[in-house]
Every structure is written in C-alpha cells, then in structure tokens.
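Next comes final26.cif, a file with mmCIF, C-alpha atoms.
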```
data_target
loop_
_atom_site.label_atom_id
_atom_site.label_comp_id
_atom_site.auth_asym_id
_atom_site.auth_seq_id
_atom_site.Cartn_x
_atom_site.Cartn_y
_atom_site.Cartn_z
CA MET M 642 -1.48 -69.24 36.80
CA ASN M 643 -2.09 -65.89 38.47
CA LYS M 644 -4.92 -65.13 40.89
CA PHE M 645 -7.07 -63.32 38.34
CA TRP M 646 -7.19 -66.17 35.82
CA ARG M 647 -7.70 -68.79 38.51
CA ALA M 648 -10.66 -66.86 39.95
CA ALA M 649 -12.08 -66.11 36.48
CA LEU M 650 -11.91 -69.77 35.45
CA ILE M 651 -13.51 -70.94 38.70
CA ARG M 652 -16.29 -68.40 38.16
CA ALA M 653 -16.72 -69.53 34.55
CA LEU M 654 -16.89 -73.20 35.61
CA ARG M 655 -19.60 -72.39 38.15
CA THR M 656 -21.52 -70.47 35.48
CA PHE M 657 -21.13 -73.41 33.08
CA CYS M 658 -22.54 -75.84 35.65
CA GLN M 659 -25.43 -73.56 36.64
CA THR M 660 -26.41 -73.06 33.01
CA ALA M 661 -26.22 -76.78 32.28
CA ILE M 662 -28.42 -77.61 35.28
CA ALA M 663 -30.95 -74.92 34.34
CA THR M 664 -31.05 -76.02 30.70
CA ILE M 665 -31.44 -79.70 31.56
CA GLY M 666 -34.16 -78.90 34.10
CA THR M 667 -36.06 -76.79 31.60
CA THR M 668 -36.00 -79.32 28.78
CA ALA M 669 -36.42 -82.53 30.77
CA PHE M 670 -40.12 -81.95 31.31
CA LEU M 671 -40.93 -81.27 27.68
CA GLU M 672 -38.90 -83.89 25.85
CA GLU M 673 -35.56 -85.65 25.90
CA VAL M 674 -32.61 -83.49 26.83
CA ASN M 675 -30.90 -81.92 23.82
CA TRP M 676 -27.26 -82.30 24.86
CA ILE M 677 -25.97 -80.13 22.02
CA MET M 678 -28.14 -77.26 23.25
CA VAL M 679 -27.08 -77.84 26.86
CA GLY M 680 -23.41 -77.86 25.90
CA SER M 681 -23.53 -74.85 23.60
CA SER M 682 -25.56 -72.78 26.06
CA SER M 683 -23.22 -73.66 28.90
CA VAL M 684 -20.07 -72.91 26.89
CA LEU M 685 -21.50 -69.57 25.79
CA ALA M 686 -22.40 -68.67 29.38
CA ALA M 687 -18.89 -69.59 30.56
CA LEU M 688 -17.33 -67.50 27.78
CA LEU M 689 -19.52 -64.53 28.72
CA SER M 690 -18.46 -64.98 32.34
CA ILE M 691 -14.78 -64.79 31.37
CA LEU M 692 -15.37 -61.73 29.19
CA ASN M 693 -17.31 -60.08 32.01
CA SER M 694 -14.46 -60.82 34.43
CA ILE M 695 -11.97 -59.23 32.03
CA ALA M 696 -14.18 -56.18 31.48
CA THR M 697 -15.21 -55.52 35.06
CA GLY M 698 -12.61 -57.28 37.18
CA LEU M 699 -13.15 -59.62 40.07
CA PRO M 700 -13.79 -58.33 43.58
CA GLU M 701 -12.08 -61.34 45.17
CA VAL M 702 -8.78 -60.57 43.41
CA ASP M 703 -6.59 -57.70 44.60
CA GLU M 704 -4.70 -56.43 41.57
#
```
Show this structure as structure tokens.
Amino acid sequence: MNKFWRAALIRALRTFCQTAIATIGTTAFLEEVNWIMVGSSSVLAALLSILNSIATGLPEVDE
C-alpha cells in the first residue's frame, strides 16, 4: 500500500470514529442510540474523507 492510501485510510478511520462518537453523544441524551444511524453517518463521513483526500491531496504525503 502506498503512502497516499495509507494516510487517506488513517484519516478516514479517524473521521469515522469522530462521527460515531459525536452521533452517539448526541442521541444518548434523547433516547436509545440508533446504531443504524450511527453506522451510516460514520461510513458516509469516512467516504467523504477519502473523496476529499483524493480531490485535494494530503499535506502529510509527498507525491
């Protein structure tokens, strides 16, 4: 795996985790956590992170 994809996937994983934590924290006070919503929101955020990395590049990767 080259440097770009490794960095993009690490960035996407961080985005996934941040979105999951934010979604769980937002819904936990109102009702039970909707795990389908948490998962779909997190996957979408990770996908957008990868697309953003492809479109704009990654500053930590010298290519």
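Atom CA of Phe657 of chain M sits 21.9 Å away from atom CA of Glu672 of chain M.
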Return as lines of an AutoDock Vina configuration file the box centre and box size in Å, one decimal, for an axis-aligned box around all listed atoms of segment 686-699 of chain M padded by 5 Å per side.
```
center_x = -17.2
center_y = -62.6
center_z = 33.9
size_x = 20.4
size_y = 24.1
size_z = 22.3
```
Task: Selection: 10 Å around Leu699 of chain M, only C-alpha atoms, excl. self and same-chain fewer than 6 positions, as a list in words - done: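 These residues fall inside the cut-off: Lys644, Phe645, Trp646, Ala648, Ala649, Arg652 and Asn693 of chain M.
When atom CA of Ser683 of chain M is paired with atom CA of Thr660 of chain M, their separation reads 5.2 Å.
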Under the PyMOL selection byres ((chain M and resi 664) around 9), which residues of this model are included? Write them out as a short mmCIF file (atom, residue, chain, number, x, y, z; two decimals) with C-alpha atoms, keeping the file's coordinate frame.
```
data_model
loop_
_atom_site.label_atom_id
_atom_site.label_comp_id
_atom_site.auth_asym_id
_atom_site.auth_seq_id
_atom_site.Cartn_x
_atom_site.Cartn_y
_atom_site.Cartn_z
CA GLN M 659 -25.43 -73.56 36.64
CA THR M 660 -26.41 -73.06 33.01
CA ALA M 661 -26.22 -76.78 32.28
CA ILE M 662 -28.42 -77.61 35.28
CA ALA M 663 -30.95 -74.92 34.34
CA ILE M 665 -31.44 -79.70 31.56
CA GLY M 666 -34.16 -78.90 34.10
CA THR M 667 -36.06 -76.79 31.60
CA THR M 668 -36.00 -79.32 28.78
CA ALA M 669 -36.42 -82.53 30.77
CA VAL M 674 -32.61 -83.49 26.83
CA MET M 678 -28.14 -77.26 23.25
CA VAL M 679 -27.08 -77.84 26.86
CA SER M 682 -25.56 -72.78 26.06
CA SER M 683 -23.22 -73.66 28.90
#
```
- [ ] Could you tell me how far atom CA of Arg647 of chain M lies from atom CA of Ser694 of chain M, in Å and to one decimal?
- [x]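 A separation of 11.2 Å between them.
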TODO: Kindly indicate which residue among M:Ala653, M:Cys658, M:Ala696, M:Met642 lies nearest to Gly680 of chain M, using only C-alpha atoms for the distances.
DONE: M:Cys658
Subset file: segment 665-679 of chain M, all heavy atoms, as an mmCIF file, in the first residue's frame:
```cif
data_model
loop_
_atom_site.group_PDB
_atom_site.id
_atom_site.type_symbol
_atom_site.label_atom_id
_atom_site.label_comp_id
_atom_site.auth_asym_id
_atom_site.auth_seq_id
_atom_site.Cartn_x
_atom_site.Cartn_y
_atom_site.Cartn_z
ATOM 1 N N ILE M 665 -23.311 9.252 18.731
ATOM 2 C CA ILE M 665 -23.730 8.556 19.953
ATOM 3 C C ILE M 665 -23.988 9.566 21.062
ATOM 4 O O ILE M 665 -24.998 9.507 21.757
ATOM 5 C CB ILE M 665 -22.677 7.523 20.390
ATOM 6 C CG1 ILE M 665 -22.627 6.370 19.393
ATOM 7 C CG2 ILE M 665 -22.968 7.018 21.794
ATOM 8 C CD1 ILE M 665 -21.423 5.451 19.565
ATOM 9 N N GLY M 666 -23.079 10.530 21.210
ATOM 10 C CA GLY M 666 -23.240 11.547 22.254
ATOM 11 C C GLY M 666 -24.474 12.394 22.062
ATOM 12 O O GLY M 666 -25.134 12.781 23.023
ATOM 13 N N THR M 667 -24.820 12.685 20.838
ATOM 14 C CA THR M 667 -25.997 13.499 20.547
ATOM 15 C C THR M 667 -27.281 12.747 20.832
ATOM 16 O O THR M 667 -28.231 13.312 21.360
ATOM 17 C CB THR M 667 -25.984 13.934 19.063
ATOM 18 O OG1 THR M 667 -24.784 14.648 18.821
ATOM 19 C CG2 THR M 667 -27.164 14.793 18.731
ATOM 20 N N THR M 668 -27.340 11.478 20.494
ATOM 21 C CA THR M 668 -28.587 10.726 20.637
ATOM 22 C C THR M 668 -28.762 10.101 22.013
ATOM 23 O O THR M 668 -29.877 9.805 22.404
ATOM 24 C CB THR M 668 -28.677 9.614 19.576
ATOM 25 O OG1 THR M 668 -27.579 8.730 19.739
ATOM 26 C CG2 THR M 668 -28.679 10.194 18.185
ATOM 27 N N ALA M 669 -27.699 9.893 22.752
ATOM 28 C CA ALA M 669 -27.796 9.194 24.021
ATOM 29 C C ALA M 669 -28.671 9.936 25.029
ATOM 30 O O ALA M 669 -29.322 9.320 25.864
ATOM 31 C CB ALA M 669 -26.411 8.955 24.605
ATOM 32 N N PHE M 670 -28.714 11.242 24.950
ATOM 33 C CA PHE M 670 -29.494 12.006 25.909
ATOM 34 C C PHE M 670 -30.981 12.004 25.585
ATOM 35 O O PHE M 670 -31.802 12.176 26.458
ATOM 36 C CB PHE M 670 -28.982 13.454 25.968
ATOM 37 C CG PHE M 670 -27.580 13.551 26.486
ATOM 38 C CD1 PHE M 670 -26.543 13.885 25.644
ATOM 39 C CD2 PHE M 670 -27.298 13.275 27.811
ATOM 40 C CE1 PHE M 670 -25.246 13.956 26.113
ATOM 41 C CE2 PHE M 670 -26.005 13.345 28.302
ATOM 42 C CZ PHE M 670 -24.975 13.693 27.445
ATOM 43 N N LEU M 671 -31.322 11.800 24.345
ATOM 44 C CA LEU M 671 -32.713 11.892 23.936
ATOM 45 C C LEU M 671 -33.433 10.553 23.988
ATOM 46 O O LEU M 671 -34.598 10.485 24.362
ATOM 47 C CB LEU M 671 -32.814 12.476 22.523
ATOM 48 C CG LEU M 671 -32.178 13.851 22.336
ATOM 49 C CD1 LEU M 671 -32.233 14.266 20.884
ATOM 50 C CD2 LEU M 671 -32.901 14.877 23.204
ATOM 51 N N GLU M 672 -32.765 9.514 23.593
ATOM 52 C CA GLU M 672 -33.359 8.178 23.566
ATOM 53 C C GLU M 672 -32.247 7.153 23.385
ATOM 54 O O GLU M 672 -31.087 7.504 23.412
ATOM 55 C CB GLU M 672 -34.371 8.061 22.422
ATOM 56 C CG GLU M 672 -33.741 8.322 21.068
ATOM 57 C CD GLU M 672 -34.769 8.438 19.954
ATOM 58 O OE1 GLU M 672 -35.893 8.847 20.236
ATOM 59 O OE2 GLU M 672 -34.414 8.122 18.825
ATOM 60 N N GLU M 673 -32.612 5.910 23.204
ATOM 61 C CA GLU M 673 -31.600 4.890 22.962
ATOM 62 C C GLU M 673 -30.847 5.187 21.681
ATOM 63 O O GLU M 673 -31.372 5.766 20.751
ATOM 64 C CB GLU M 673 -32.252 3.513 22.855
ATOM 65 C CG GLU M 673 -32.751 2.987 24.168
ATOM 66 C CD GLU M 673 -33.235 1.568 24.048
ATOM 67 O OE1 GLU M 673 -32.678 0.792 23.235
ATOM 68 O OE2 GLU M 673 -34.174 1.219 24.771
ATOM 69 N N VAL M 674 -29.596 4.767 21.653
ATOM 70 C CA VAL M 674 -28.754 5.017 20.481
ATOM 71 C C VAL M 674 -29.279 4.229 19.289
ATOM 72 O O VAL M 674 -29.546 3.031 19.388
ATOM 73 C CB VAL M 674 -27.290 4.619 20.779
ATOM 74 C CG1 VAL M 674 -26.432 4.769 19.537
ATOM 75 C CG2 VAL M 674 -26.742 5.445 21.924
ATOM 76 N N ASN M 675 -29.443 4.883 18.167
ATOM 77 C CA ASN M 675 -29.850 4.246 16.921
ATOM 78 C C ASN M 675 -28.576 3.827 16.178
ATOM 79 O O ASN M 675 -27.930 4.638 15.514
ATOM 80 C CB ASN M 675 -30.682 5.226 16.084
ATOM 81 C CG ASN M 675 -31.181 4.619 14.801
ATOM 82 O OD1 ASN M 675 -30.672 3.620 14.318
ATOM 83 N ND2 ASN M 675 -32.199 5.245 14.237
ATOM 84 N N TRP M 676 -28.188 2.575 16.324
ATOM 85 C CA TRP M 676 -26.911 2.101 15.793
ATOM 86 C C TRP M 676 -26.852 2.139 14.278
ATOM 87 O O TRP M 676 -25.783 2.317 13.699
ATOM 88 C CB TRP M 676 -26.603 0.704 16.327
ATOM 89 C CG TRP M 676 -26.331 0.751 17.796
ATOM 90 C CD1 TRP M 676 -27.146 0.303 18.794
ATOM 91 C CD2 TRP M 676 -25.190 1.321 18.434
ATOM 92 N NE1 TRP M 676 -26.577 0.555 20.015
ATOM 93 C CE2 TRP M 676 -25.374 1.166 19.825
ATOM 94 C CE3 TRP M 676 -24.038 1.940 17.980
ATOM 95 C CZ2 TRP M 676 -24.437 1.622 20.759
ATOM 96 C CZ3 TRP M 676 -23.098 2.390 18.908
ATOM 97 C CH2 TRP M 676 -23.297 2.232 20.274
ATOM 98 N N ILE M 677 -27.991 1.987 13.624
ATOM 99 C CA ILE M 677 -28.012 2.081 12.157
ATOM 100 C C ILE M 677 -27.658 3.503 11.730
ATOM 101 O O ILE M 677 -26.873 3.713 10.809
ATOM 102 C CB ILE M 677 -29.377 1.636 11.596
ATOM 103 C CG1 ILE M 677 -29.572 0.143 11.866
ATOM 104 C CG2 ILE M 677 -29.489 1.963 10.116
ATOM 105 C CD1 ILE M 677 -30.942 -0.390 11.532
ATOM 106 N N MET M 678 -28.205 4.487 12.428
ATOM 107 C CA MET M 678 -27.889 5.880 12.110
ATOM 108 C C MET M 678 -26.419 6.185 12.412
ATOM 109 O O MET M 678 -25.749 6.862 11.630
ATOM 110 C CB MET M 678 -28.776 6.829 12.908
ATOM 111 C CG MET M 678 -28.543 8.293 12.558
ATOM 112 S SD MET M 678 -29.531 9.434 13.532
ATOM 113 C CE MET M 678 -28.725 9.320 15.113
ATOM 114 N N VAL M 679 -25.921 5.692 13.522
ATOM 115 C CA VAL M 679 -24.511 5.905 13.877
ATOM 116 C C VAL M 679 -23.613 5.308 12.803
ATOM 117 O O VAL M 679 -22.686 5.957 12.308
ATOM 118 C CB VAL M 679 -24.187 5.283 15.257
ATOM 119 C CG1 VAL M 679 -22.690 5.301 15.528
ATOM 120 C CG2 VAL M 679 -24.934 6.008 16.361
#
```
